[in-house]
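Enquirer: I have a structure here, written as structure tokens, and I will follow up with some questions on it.
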Amino acid sequence: MRQRREYHIVVLGAGGVGKSCLTAQFVQNVWIESYDPTIEDSYRKQIEVDVRAICLDLTLQEQSNLPRCGQGFLLVFSITSLSSLNELAELREQIIRIRDDENVPLVIVGNKSDLEEDRAVTRARAFSVSQHWGNAPYYETSARRRANVDEVFVDLCRQIIRKDIT
Ligand code: GDP
Ligand code: MG
């Protein structure tokens with residue numbers, strides 16, 4: 001029988017950027033307009049990535065908490081809030097300190113891409129942050145429209161798998 005790998009992913013970002021909505025879309029395929037503020041939530045989901053069976057353990061955390069130790073991190077901001085992007089820098093430094101690894105698997109997620117008219121963070125700005133952070137992949141997502149949701153989790157899984165098997 002194939003071995004099922006279990007990976008722990010931590011979803012981080014400021015309050016209100018859409019961590020709960022994004023994760024609920026990924027795990028349960030639902031759009032729910034409003035959640036209680038995330039203090040710390042967890043979800044599980046089984047997926048297949050490149051014919052590997054994976055069990056994901058997802059922890060959602062607000063940016064005020066010290067990040068939990070995970071194998072991979074989603075750093076989420078809202079494209080409608082520049083401060084939510086700026087807050088990710090400190091989180092990334094904490095992650096690198098905790099993991100003691102400059103190349104820890106992570107993905108930068110600019111959520112709420114459906115709110116183009118309220119955009120406060122240009123793509124160019126987000127890409128320059130990504131370059132600054134060792135070319136961490138950058139995706140724009142819409143939890144509301146379920147756009148690019150699976151893609152961010154799959155990209156992160158691929159990065160974790162690459163580390164796990166090398
Ligand atoms: P969290 O605090 O990071 O967990 O954020 P939530 O998931 O609770 O979302 C905060 C608010 O943003 C809620 O009012 C959501 O309806 C809204 N929201 C989340 N994702 C999106 C999105 O992709 N598009 C739009 N338009 N609103 C979103
Ligand atoms: Mg939440």
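Letters A, B, ... mark the chains of the structure tokens in the order given; residue numbers begin at 1 per chain; ligand numbers begin at 1, in order shown.
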As a PyMOL selection string, please: every protein or nucleic acid residue near ligand 2 (cut-off 6 Å, counting only C-alpha atoms and all ligand atoms).
Expert: chain A and resi 19-20+35+37-38
Enquirer: Quick one: everything within 9 Å of stretch 133-137 of chain A, counting only C-alpha atoms, minus sequence neighbours fewer than 4 positions away in the same chain. Send it as a ChimeraX atom specification.
Expert: /A:92,102-103,105-109,127-129,152,155-156
Enquirer: Could you make a table, as a tab-separated table, of the residues of stretch 63-165 of chain A that have an atom within 8 Å of an atom of stretch 46-58 of chain A, each with its nearest atom pair and distance in Å to one decimal, counting only C-alpha atoms, in chain and number order?
Expert:
```
residue	atom	partner	partner_atom	distance
A:Val154	CA	A:Val49	CA	6.7
A:Cys157	CA	A:Val49	CA	7.3
A:Arg158	CA	A:Val49	CA	7.3
```
Enquirer: So which residues touch A:Leu60 within 12 Å, counting only C-alpha atoms, skipping near sequence neighbours fewer than 4 positions away, as an MDAnalysis selection string?
Expert: chainID A and resid 8:15 17:24 37:44 64:70 73:76
Enquirer: Could you save the residues just selected, with N, CA and C atoms, as an mmCIF file, in the first residue's frame?
Expert:
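And here is the file that came out, selection-v8.cif:
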```cif
data_model
loop_
_atom_site.group_PDB
_atom_site.id
_atom_site.type_symbol
_atom_site.label_atom_id
_atom_site.label_comp_id
_atom_site.auth_asym_id
_atom_site.auth_seq_id
_atom_site.Cartn_x
_atom_site.Cartn_y
_atom_site.Cartn_z
ATOM 1 N N HIS A 8 1.952 19.303 7.922
ATOM 2 C CA HIS A 8 1.306 20.356 8.707
ATOM 3 C C HIS A 8 1.563 21.722 8.055
ATOM 4 N N ILE A 9 0.471 22.372 7.698
ATOM 5 C CA ILE A 9 0.548 23.688 7.050
ATOM 6 C C ILE A 9 -0.038 24.741 7.987
ATOM 7 N N VAL A 10 0.648 25.870 8.069
ATOM 8 C CA VAL A 10 0.160 26.956 8.922
ATOM 9 C C VAL A 10 -0.252 28.128 8.029
ATOM 10 N N VAL A 11 -1.484 28.593 8.218
ATOM 11 C CA VAL A 11 -2.033 29.708 7.435
ATOM 12 C C VAL A 11 -1.998 30.950 8.324
ATOM 13 N N LEU A 12 -1.223 31.931 7.877
ATOM 14 C CA LEU A 12 -0.973 33.103 8.715
ATOM 15 C C LEU A 12 -1.340 34.388 7.991
ATOM 16 N N GLY A 13 -1.645 35.404 8.761
ATOM 17 C CA GLY A 13 -1.914 36.716 8.169
ATOM 18 C C GLY A 13 -2.778 37.534 9.112
ATOM 19 N N ALA A 14 -2.870 38.818 8.811
ATOM 20 C CA ALA A 14 -3.619 39.738 9.667
ATOM 21 C C ALA A 14 -5.098 39.347 9.733
ATOM 22 N N GLY A 15 -5.770 39.849 10.740
ATOM 23 C CA GLY A 15 -7.206 39.612 10.881
ATOM 24 C C GLY A 15 -7.948 40.198 9.685
ATOM 25 N N VAL A 17 -8.078 39.176 6.484
ATOM 26 C CA VAL A 17 -7.555 39.019 5.114
ATOM 27 C C VAL A 17 -8.233 37.874 4.359
ATOM 28 N N GLY A 18 -8.878 36.964 5.108
ATOM 29 C CA GLY A 18 -9.615 35.877 4.448
ATOM 30 C C GLY A 18 -9.055 34.482 4.700
ATOM 31 N N LYS A 19 -8.322 34.320 5.770
ATOM 32 C CA LYS A 19 -7.752 32.991 6.085
ATOM 33 C C LYS A 19 -8.840 31.937 6.249
ATOM 34 N N SER A 20 -9.895 32.300 6.987
ATOM 35 C CA SER A 20 -10.956 31.327 7.238
ATOM 36 C C SER A 20 -11.716 31.007 5.954
ATOM 37 N N CYS A 21 -12.048 32.055 5.188
ATOM 38 C CA CYS A 21 -12.803 31.849 3.940
ATOM 39 C C CYS A 21 -12.007 31.007 2.946
ATOM 40 N N LEU A 22 -10.717 31.305 2.839
ATOM 41 C CA LEU A 22 -9.847 30.597 1.899
ATOM 42 C C LEU A 22 -9.732 29.114 2.282
ATOM 43 N N THR A 23 -9.539 28.875 3.543
ATOM 44 C CA THR A 23 -9.356 27.497 4.009
ATOM 45 C C THR A 23 -10.661 26.714 3.895
ATOM 46 N N ALA A 24 -11.777 27.373 4.198
ATOM 47 C CA ALA A 24 -13.068 26.691 4.091
ATOM 48 C C ALA A 24 -13.366 26.336 2.640
ATOM 49 N N PRO A 37 -13.672 35.892 14.480
ATOM 50 C CA PRO A 37 -12.238 36.121 14.270
ATOM 51 C C PRO A 37 -11.430 34.860 14.584
ATOM 52 N N THR A 38 -10.423 34.630 13.747
ATOM 53 C CA THR A 38 -9.591 33.450 13.950
ATOM 54 C C THR A 38 -8.692 33.691 15.154
ATOM 55 N N ILE A 39 -8.800 32.847 16.128
ATOM 56 C CA ILE A 39 -7.781 32.861 17.188
ATOM 57 C C ILE A 39 -6.820 31.758 16.825
ATOM 58 N N GLU A 40 -7.341 30.556 16.827
ATOM 59 C CA GLU A 40 -6.580 29.457 16.244
ATOM 60 C C GLU A 40 -7.579 28.371 15.861
ATOM 61 N N ASP A 41 -7.610 28.032 14.582
ATOM 62 C CA ASP A 41 -8.524 27.004 14.084
ATOM 63 C C ASP A 41 -7.707 25.914 13.437
ATOM 64 N N SER A 42 -8.293 24.729 13.337
ATOM 65 C CA SER A 42 -7.591 23.710 12.566
ATOM 66 C C SER A 42 -8.547 22.891 11.721
ATOM 67 N N TYR A 43 -8.030 22.413 10.626
ATOM 68 C CA TYR A 43 -8.793 21.626 9.652
ATOM 69 C C TYR A 43 -7.912 20.481 9.183
ATOM 70 N N ARG A 44 -8.564 19.447 8.625
ATOM 71 C CA ARG A 44 -7.789 18.383 7.984
ATOM 72 C C ARG A 44 -8.347 18.128 6.597
ATOM 73 N N SER A 64 -0.888 38.002 15.432
ATOM 74 C CA SER A 64 -0.348 38.379 16.743
ATOM 75 C C SER A 64 0.258 37.188 17.489
ATOM 76 N N ASN A 65 -0.066 35.977 17.050
ATOM 77 C CA ASN A 65 0.499 34.795 17.719
ATOM 78 C C ASN A 65 1.835 34.426 17.111
ATOM 79 N N LEU A 66 2.696 33.862 17.920
ATOM 80 C CA LEU A 66 3.949 33.336 17.395
ATOM 81 C C LEU A 66 3.609 32.146 16.499
ATOM 82 N N PRO A 67 4.139 32.128 15.267
ATOM 83 C CA PRO A 67 3.732 31.041 14.356
ATOM 84 C C PRO A 67 4.047 29.661 14.913
ATOM 85 N N ARG A 68 3.134 28.750 14.694
ATOM 86 C CA ARG A 68 3.357 27.347 15.054
ATOM 87 C C ARG A 68 4.359 26.733 14.103
ATOM 88 N N CYS A 69 4.947 25.679 14.567
ATOM 89 C CA CYS A 69 5.902 25.004 13.709
ATOM 90 C C CYS A 69 5.148 24.151 12.699
ATOM 91 N N GLY A 70 5.333 24.427 11.430
ATOM 92 C CA GLY A 70 4.720 23.609 10.392
ATOM 93 C C GLY A 70 5.769 23.310 9.348
ATOM 94 N N PHE A 73 4.091 27.151 5.009
ATOM 95 C CA PHE A 73 3.331 28.308 5.494
ATOM 96 C C PHE A 73 2.673 29.038 4.334
ATOM 97 N N LEU A 74 1.415 29.412 4.536
ATOM 98 C CA LEU A 74 0.744 30.327 3.614
ATOM 99 C C LEU A 74 0.725 31.679 4.300
ATOM 100 N N LEU A 75 1.340 32.665 3.669
ATOM 101 C CA LEU A 75 1.342 34.016 4.229
ATOM 102 C C LEU A 75 0.314 34.825 3.458
ATOM 103 N N VAL A 76 -0.803 35.094 4.112
ATOM 104 C CA VAL A 76 -1.954 35.683 3.422
ATOM 105 C C VAL A 76 -2.102 37.167 3.752
#
```
Enquirer: Give me every strand (DSSP E or B) residue in stretch 15-160 of chain A, going by DSSP on the backbone, as number ranges by chain.
Expert: A: 40-49, 52-62, 72-78, 106-111, 138-140, 142, 147
Enquirer: Out of A:Glu93, A:Leu115, A:Ile98, A:Glu62, which residue has the shortest atom-to-atom distance to A:Ser81 when counting only C-alpha atoms?
Expert: A:Leu115
Enquirer: Would you please give, as a count of residues only, all residues of stretch 45-133 of chain A that DSSP assigns to helix (DSSP H, G or I) based on the backbone?
Expert: 31
Enquirer: Between A:Lys45, A:Arg144, A:Arg162, A:Arg125, which has the minimum distance to ligand 1 (counting only C-alpha atoms and all ligand atoms)?
Expert: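 When distances to ligand 1 are compared using only C-alpha atoms and all ligand atoms, the smallest one comes from A:Arg144.
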Enquirer: If I take atom CA of A:Asp150 and atom CA of A:Val27, how far is one from the other in Å, to one decimal?
Expert: 9.3 Å
Enquirer: Taking only C-alpha atoms and all ligand atoms into account, name the residue in A:Asn29, A:Asp118, A:Glu6, A:Thr141 that is nearest to ligand 1.
Expert: A:Thr141
Enquirer: Quick check, in Å to one decimal: how far apart do atom CA of A:Asp114 and atom 6 (P, counted along the ligand's line) of ligand 1 lie?
Expert: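 Atom 6 (P, counted along the ligand's line) of ligand 1 lies at a distance of 14.6 Å from atom CA of A:Asp114.
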Enquirer: Hey, can you check how far atom CA of A:Trp31 sits from atom CA of A:Arg146?
Expert: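 Between these atoms lies a distance of 8.2 Å.
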Enquirer: Have a look at A:Gln61, A:Thr122, A:Ser78, A:Lys163 and name the one nearest to A:Asp101; count only C-alpha atoms.
Expert: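 Closest to A:Asp101, using only C-alpha atoms: A:Lys163.
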Enquirer: Find the residue from A:Ile160, A:Ala124, A:Ile95, A:Ile79 that sits nearest to ligand 1; use only C-alpha atoms and all ligand atoms when measuring.
Expert: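 Ranked by minimum distance to ligand 1, first place goes to A:Ile79.
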Enquirer: Which residue, A:Gly72, A:Leu91, A:Ser142, A:Ile96, has the smallest gap to ligand 1 when you use only C-alpha atoms and all ligand atoms?
Expert: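 Ranking A:Gly72, A:Leu91, A:Ser142, A:Ile96 by distance to ligand 1, first place goes to A:Ser142.
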